[in-house]
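Asker: This one is query_7.cif, mmCIF, C-alpha atoms and all ligand atoms.
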data_work
#
loop_
_atom_site.label_atom_id
_atom_site.label_comp_id
_atom_site.auth_asym_id
_atom_site.auth_seq_id
_atom_site.Cartn_x
_atom_site.Cartn_y
_atom_site.Cartn_z
CA MET A 3 118.64 156.68 116.26
CA LYS A 4 121.46 159.24 115.99
CA ILE A 5 121.23 161.74 113.14
CA VAL A 6 124.02 164.05 111.96
CA ILE A 7 123.01 167.48 110.73
CA GLY A 8 125.10 170.12 108.99
CA CYS A 9 124.77 173.25 106.95
CA ASP A 10 126.64 176.18 105.49
CA HIS A 11 125.78 179.85 106.09
CA ALA A 12 122.93 179.63 103.54
CA GLY A 13 121.26 176.80 105.47
CA PHE A 14 121.86 178.00 109.00
CA ALA A 15 118.39 179.34 109.82
CA ILE A 16 116.56 176.23 108.69
CA LYS A 17 119.12 173.89 110.30
CA ASN A 18 118.17 175.12 113.76
CA ALA A 19 114.47 174.57 113.09
CA VAL A 20 115.14 171.10 111.67
CA LYS A 21 117.31 170.21 114.63
CA ALA A 22 114.63 171.22 117.14
CA HIS A 23 111.97 169.37 115.13
CA ILE A 24 113.76 166.07 114.89
CA GLU A 25 114.88 166.21 118.52
CA SER A 26 111.22 166.66 119.47
CA LYS A 27 110.54 163.41 117.59
CA GLY A 28 113.03 161.57 119.77
CA TYR A 29 116.10 161.50 117.55
CA GLU A 30 119.50 162.26 119.02
CA VAL A 31 121.20 164.92 116.88
CA VAL A 32 124.90 165.51 116.26
CA ASP A 33 125.39 169.02 114.86
CA VAL A 34 128.62 169.44 112.87
CA GLY A 35 128.02 173.13 112.13
CA THR A 36 128.22 175.71 110.79
CA TYR A 37 127.07 177.71 113.78
CA SER A 38 126.46 181.17 112.28
CA THR A 39 125.56 182.94 109.05
CA ASP A 40 129.19 183.90 108.43
CA SER A 41 130.20 182.86 104.94
CA CYS A 42 131.80 179.41 104.85
CA HIS A 43 132.39 176.47 102.50
CA TYR A 44 129.82 173.68 102.22
CA PRO A 45 132.31 170.83 101.51
CA VAL A 46 133.73 171.28 105.02
CA TYR A 47 130.38 170.45 106.63
CA ALA A 48 129.44 167.78 104.10
CA HIS A 49 132.72 166.02 104.87
CA ALA A 50 132.23 166.29 108.64
CA ALA A 51 128.74 164.81 108.36
CA CYS A 52 129.89 161.97 106.08
CA GLU A 53 132.60 161.03 108.57
CA LYS A 54 129.96 160.64 111.28
CA ILE A 55 127.97 158.26 109.07
CA LEU A 56 130.94 156.32 107.74
CA SER A 57 132.33 155.81 111.25
CA GLY A 58 128.99 154.37 112.33
CA GLU A 59 128.38 157.06 114.94
CA CYS A 60 125.29 158.28 113.09
CA ALA A 61 122.86 156.22 111.05
CA LEU A 62 121.57 158.96 108.76
CA GLY A 63 122.19 162.64 108.05
CA ILE A 64 120.66 165.88 106.86
CA LEU A 65 122.66 168.58 105.04
CA ILE A 66 121.35 172.02 104.14
CA CYS A 67 122.90 174.70 101.95
CA GLY A 68 121.38 177.31 99.63
CA THR A 69 120.19 174.79 97.06
CA GLY A 70 121.14 171.44 98.60
CA ILE A 71 123.15 170.73 95.45
CA GLY A 72 126.66 171.60 96.64
CA MET A 73 126.12 169.56 99.79
CA SER A 74 124.91 166.53 97.84
CA MET A 75 127.79 166.79 95.36
CA ALA A 76 130.35 166.96 98.15
CA ALA A 77 128.72 164.15 100.13
CA ASN A 78 128.49 161.82 97.12
CA LYS A 79 132.28 162.00 96.67
CA HIS A 80 132.55 159.78 99.75
CA ASN A 81 132.65 156.00 99.35
CA GLY A 82 129.60 154.60 101.13
CA ILE A 83 127.56 157.78 101.08
CA ARG A 84 124.34 157.97 99.09
CA ALA A 85 123.10 161.54 99.33
CA ALA A 86 119.82 162.67 97.76
CA CYS A 87 118.94 166.30 97.10
CA CYS A 88 115.14 166.49 97.46
CA SER A 89 112.50 169.17 97.36
CA ASP A 90 109.43 166.91 97.45
CA THR A 91 108.35 164.45 100.10
CA PHE A 92 107.72 161.61 97.64
CA SER A 93 111.39 161.62 96.61
CA ALA A 94 112.55 162.01 100.21
CA ARG A 95 110.64 158.85 101.16
CA LEU A 96 111.51 156.85 98.03
CA THR A 97 115.21 157.59 98.23
CA ARG A 98 115.27 155.77 101.58
CA GLU A 99 113.04 152.93 100.37
CA HIS A 100 114.67 152.32 96.97
CA ASN A 101 118.18 153.86 97.03
CA ASP A 102 119.04 153.27 100.69
CA ALA A 103 120.08 156.94 100.81
CA ASN A 104 121.88 157.77 104.02
CA LEU A 105 121.88 161.56 103.59
CA LEU A 106 119.07 163.95 102.78
CA CYS A 107 120.07 167.32 101.32
CA PHE A 108 117.89 170.32 100.56
CA GLY A 109 118.18 174.05 100.02
CA GLU A 110 117.03 176.77 102.37
CA ARG A 111 116.66 179.02 99.31
CA VAL A 112 114.46 176.40 97.63
CA VAL A 113 112.13 175.03 100.29
CA GLY A 114 110.27 176.79 103.11
CA ILE A 115 110.40 175.70 106.71
CA GLY A 116 107.18 173.68 106.54
CA LEU A 117 108.34 171.63 103.58
CA ALA A 118 111.81 171.23 105.11
CA LEU A 119 110.32 169.59 108.20
CA ASP A 120 108.08 167.37 106.06
CA LEU A 121 111.09 166.30 103.98
CA CYS A 122 112.88 165.27 107.16
CA ASP A 123 109.84 163.36 108.44
CA ALA A 124 109.44 161.54 105.11
CA PHE A 125 113.13 160.62 104.94
CA LEU A 126 113.61 159.59 108.56
CA GLY A 127 110.28 157.77 108.72
CA ALA A 128 111.00 155.55 105.73
CA THR A 129 112.88 152.24 105.68
CA TYR A 130 115.04 150.73 102.95
CA LEU A 131 113.17 147.95 101.10
CA ASN A 132 116.05 145.54 101.44
CA ASN A 133 115.07 143.07 98.73
CA GLY A 134 115.01 142.22 95.01
CA ASN A 135 116.07 144.77 92.46
CA HIS A 136 116.69 147.45 95.09
CA VAL A 137 119.53 145.38 96.53
CA THR A 138 120.91 144.63 93.06
CA ARG A 139 120.89 148.30 92.09
CA VAL A 140 122.41 149.61 95.32
CA ALA A 141 125.13 146.94 94.94
CA MET A 142 125.76 148.32 91.42
CA LEU A 143 126.20 151.79 92.91
CA LYS A 144 128.81 150.34 95.25
CA ASP A 145 130.55 148.61 92.34
CA ILE A 146 130.70 151.90 90.40
CA GLU A 147 132.13 153.58 93.49
CA ASN A 148 134.77 150.85 93.91
CA GLY A 149 135.71 150.71 90.21
CA THR A 150 134.50 147.11 89.90
CA PHE A 151 131.37 147.70 87.79
C1 LIG B 1 126.21 179.71 99.02
O1 LIG B 1 126.03 180.99 98.50
C2 LIG B 1 125.66 178.66 98.08
O2 LIG B 1 126.39 178.63 96.90
C3 LIG B 1 125.65 177.30 98.73
O3 LIG B 1 124.93 177.36 99.91
C4 LIG B 1 125.02 176.17 97.96
O4 LIG B 1 123.75 176.53 97.49
C5 LIG B 1 125.81 175.51 96.94
O5 LIG B 1 125.40 174.53 96.35
#
Translate this structure into C-alpha cells?
Ligand code: RB5

Answerer:
Amino acid sequence: MKIVIGCDHAGFAIKNAVKAHIESKGYEVVDVGTYSTDSCHYPVYAHAACEKILSGECALGILICGTGIGMSMAANKHNGIRAACCSDTFSARLTREHNDANLLCFGERVVGIGLALDLCDAFLGATYLNNGNHVTRVAMLKDIENGTF
C-alpha cells in the first residue's frame, strides 16, 4: 500500500521518524515535503497530499503540523478527503473503521514520537467497516460535500 506523508516546519522532525517507521512496516511512502524546518505554509502540503490520494496514487495519508488542526482543516476542504486529527489511538483506529478516513493528522507539538508511531499503526492497521450505518453516514458526508444533502 502506498502512503502519502506531508508536514510543515512544525512537523518536520516527527515526519522523518514516521516515514522510517512505516517504511519498516512495508509501506511505500510518497513524501510531499516540507523538507526542512524553514517556516512554510501547511495548506501547501495538505493540498499536495490530498492530490496524491484523490488521483489514486496513494491509498491513505498522514499529515503533521504543530497541532494537526491546520492540516486537517486544509485537507477537509477537498472533495473526497476525510481527514481526522487524532491524539489517541482509539480515535485513530475508529476513524478508519467508522468514518473511512483517508488522512490521519496530528501535531508534533501535541504528541510525542512514541504516540505518533502508535497513531500511525492504529490508523494504517485498521479497515473501514463497509456496512450498515457506517456506509449510510459516510454517504451523508459525501452528500454534504456535494451540496445534495
Ligand atoms: C505553525 O506555527 C503552526 O501554526 C502550524 O504548524 C499548525 O499547528 C497549524 O495548525

Asker: Within 12 Å of ligand LIG 1 (chain B) (counting all atoms listed in the file), which residues show up? I'd like them as a PyMOL selection string.

Answerer: chain A and resi 8-14+36+39-48+65-77+87+107-112

Asker: Taking into account only C-alpha atoms, which residue in the set A:Ala22, A:Leu117, A:Gly35, A:His100 is nearest to Asn135 of chain A?

Answerer: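 Using only C-alpha atoms, the shortest distance to Asn135 of chain A belongs to A:His100.
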
Asker: Please identify all polymer residues lying at most 8 Å from the point (121.2, 158.6, 111.2) (file coordinates), using all atoms listed in the file, and present the result as a PyMOL selection string.

Answerer: chain A and resi 3-6+55+60-63+104

Asker: Those residues with C-alpha atoms, as an mmCIF file, keeping the file's coordinate frame please?

Answerer:
data_model
loop_
_atom_site.group_PDB
_atom_site.id
_atom_site.type_symbol
_atom_site.label_atom_id
_atom_site.label_comp_id
_atom_site.auth_asym_id
_atom_site.auth_seq_id
_atom_site.Cartn_x
_atom_site.Cartn_y
_atom_site.Cartn_z
ATOM 1 C CA MET A 3 118.640 156.680 116.260
ATOM 2 C CA LYS A 4 121.460 159.240 115.990
ATOM 3 C CA ILE A 5 121.230 161.740 113.140
ATOM 4 C CA VAL A 6 124.020 164.050 111.960
ATOM 5 C CA ILE A 55 127.970 158.260 109.070
ATOM 6 C CA CYS A 60 125.290 158.280 113.090
ATOM 7 C CA ALA A 61 122.860 156.220 111.050
ATOM 8 C CA LEU A 62 121.570 158.960 108.760
ATOM 9 C CA GLY A 63 122.190 162.640 108.050
ATOM 10 C CA ASN A 104 121.880 157.770 104.020
#

Asker: Do you know which residues lie at most 9 Å from (117.2, 169.5, 114.6), with coordinates as in the file and only C-alpha atoms counted, and could you write them as a PyMOL selection string?

Answerer: chain A and resi 5+7+16-26+29-33

Asker: Could you dump the residues just selected with C-alpha atoms as a PDB file, in the coordinates of the input?

Answerer:
ATOM      1  CA  ILE A   5     121.230 161.740 113.140  1.00  0.00           C
ATOM      2  CA  ILE A   7     123.010 167.480 110.730  1.00  0.00           C
ATOM      3  CA  ILE A  16     116.560 176.230 108.690  1.00  0.00           C
ATOM      4  CA  LYS A  17     119.120 173.890 110.300  1.00  0.00           C
ATOM      5  CA  ASN A  18     118.170 175.120 113.760  1.00  0.00           C
ATOM      6  CA  ALA A  19     114.470 174.570 113.090  1.00  0.00           C
ATOM      7  CA  VAL A  20     115.140 171.100 111.670  1.00  0.00           C
ATOM      8  CA  LYS A  21     117.310 170.210 114.630  1.00  0.00           C
ATOM      9  CA  ALA A  22     114.630 171.220 117.140  1.00  0.00           C
ATOM     10  CA  HIS A  23     111.970 169.370 115.130  1.00  0.00           C
ATOM     11  CA  ILE A  24     113.760 166.070 114.890  1.00  0.00           C
ATOM     12  CA  GLU A  25     114.880 166.210 118.520  1.00  0.00           C
ATOM     13  CA  SER A  26     111.220 166.660 119.470  1.00  0.00           C
ATOM     14  CA  TYR A  29     116.100 161.500 117.550  1.00  0.00           C
ATOM     15  CA  GLU A  30     119.500 162.260 119.020  1.00  0.00           C
ATOM     16  CA  VAL A  31     121.200 164.920 116.880  1.00  0.00           C
ATOM     17  CA  VAL A  32     124.900 165.510 116.260  1.00  0.00           C
ATOM     18  CA  ASP A  33     125.390 169.020 114.860  1.00  0.00           C
TER      19      ASP A  33
END

Asker: Measure the distance from atom CA of Phe125 of chain A to atom CA of Asn101 of chain A in Å and round it to one decimal.

Answerer: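 Computing it gives 11.6 Å between the two atoms.
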
Asker: Complete segment 108-122 of chain A at the level of N, CA, C and O atoms, written as a short mmCIF file (atom, residue, chain, number, x, y, z; two decimals), keeping the file's coordinate frame.

Answerer:
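So selection-v7.cif came out as:
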data_model
loop_
_atom_site.label_atom_id
_atom_site.label_comp_id
_atom_site.auth_asym_id
_atom_site.auth_seq_id
_atom_site.Cartn_x
_atom_site.Cartn_y
_atom_site.Cartn_z
N PHE A 108 118.84 169.40 101.18
CA PHE A 108 117.89 170.32 100.56
C PHE A 108 118.39 171.73 100.74
O PHE A 108 119.37 171.99 101.46
N GLY A 109 117.72 172.66 100.04
CA GLY A 109 118.18 174.05 100.02
C GLY A 109 117.25 174.99 100.77
O GLY A 109 116.05 175.01 100.50
N GLU A 110 117.84 175.77 101.63
CA GLU A 110 117.03 176.77 102.37
C GLU A 110 116.46 177.83 101.42
O GLU A 110 115.41 178.41 101.69
N ARG A 111 117.14 178.05 100.28
CA ARG A 111 116.66 179.02 99.31
C ARG A 111 115.63 178.41 98.35
O ARG A 111 115.11 179.11 97.48
N VAL A 112 115.38 177.12 98.52
CA VAL A 112 114.46 176.40 97.63
C VAL A 112 113.17 176.02 98.35
O VAL A 112 112.08 176.18 97.81
N VAL A 113 113.31 175.50 99.56
CA VAL A 113 112.13 175.03 100.29
C VAL A 113 111.87 175.94 101.49
O VAL A 113 112.80 176.51 102.07
N GLY A 114 110.64 176.05 101.90
CA GLY A 114 110.27 176.79 103.11
C GLY A 114 110.41 175.88 104.32
O GLY A 114 110.64 174.67 104.19
N ILE A 115 110.21 176.45 105.47
CA ILE A 115 110.40 175.70 106.71
C ILE A 115 109.43 174.53 106.83
O ILE A 115 109.81 173.43 107.25
N GLY A 116 108.17 174.75 106.42
CA GLY A 116 107.18 173.68 106.54
C GLY A 116 107.56 172.48 105.70
O GLY A 116 107.53 171.33 106.17
N LEU A 117 107.95 172.73 104.45
CA LEU A 117 108.34 171.63 103.58
C LEU A 117 109.63 170.99 104.08
O LEU A 117 109.79 169.76 104.01
N ALA A 118 110.55 171.79 104.59
CA ALA A 118 111.81 171.23 105.11
C ALA A 118 111.54 170.20 106.21
O ALA A 118 112.12 169.11 106.21
N LEU A 119 110.63 170.52 107.11
CA LEU A 119 110.32 169.59 108.20
C LEU A 119 109.63 168.34 107.66
O LEU A 119 109.90 167.22 108.11
N ASP A 120 108.75 168.53 106.68
CA ASP A 120 108.08 167.37 106.06
C ASP A 120 109.07 166.48 105.33
O ASP A 120 108.95 165.24 105.33
N LEU A 121 110.06 167.09 104.67
CA LEU A 121 111.09 166.30 103.98
C LEU A 121 111.83 165.43 104.98
O LEU A 121 112.08 164.24 104.73
N CYS A 122 112.17 166.02 106.12
CA CYS A 122 112.88 165.27 107.16
C CYS A 122 112.02 164.13 107.69
O CYS A 122 112.50 163.00 107.86
#
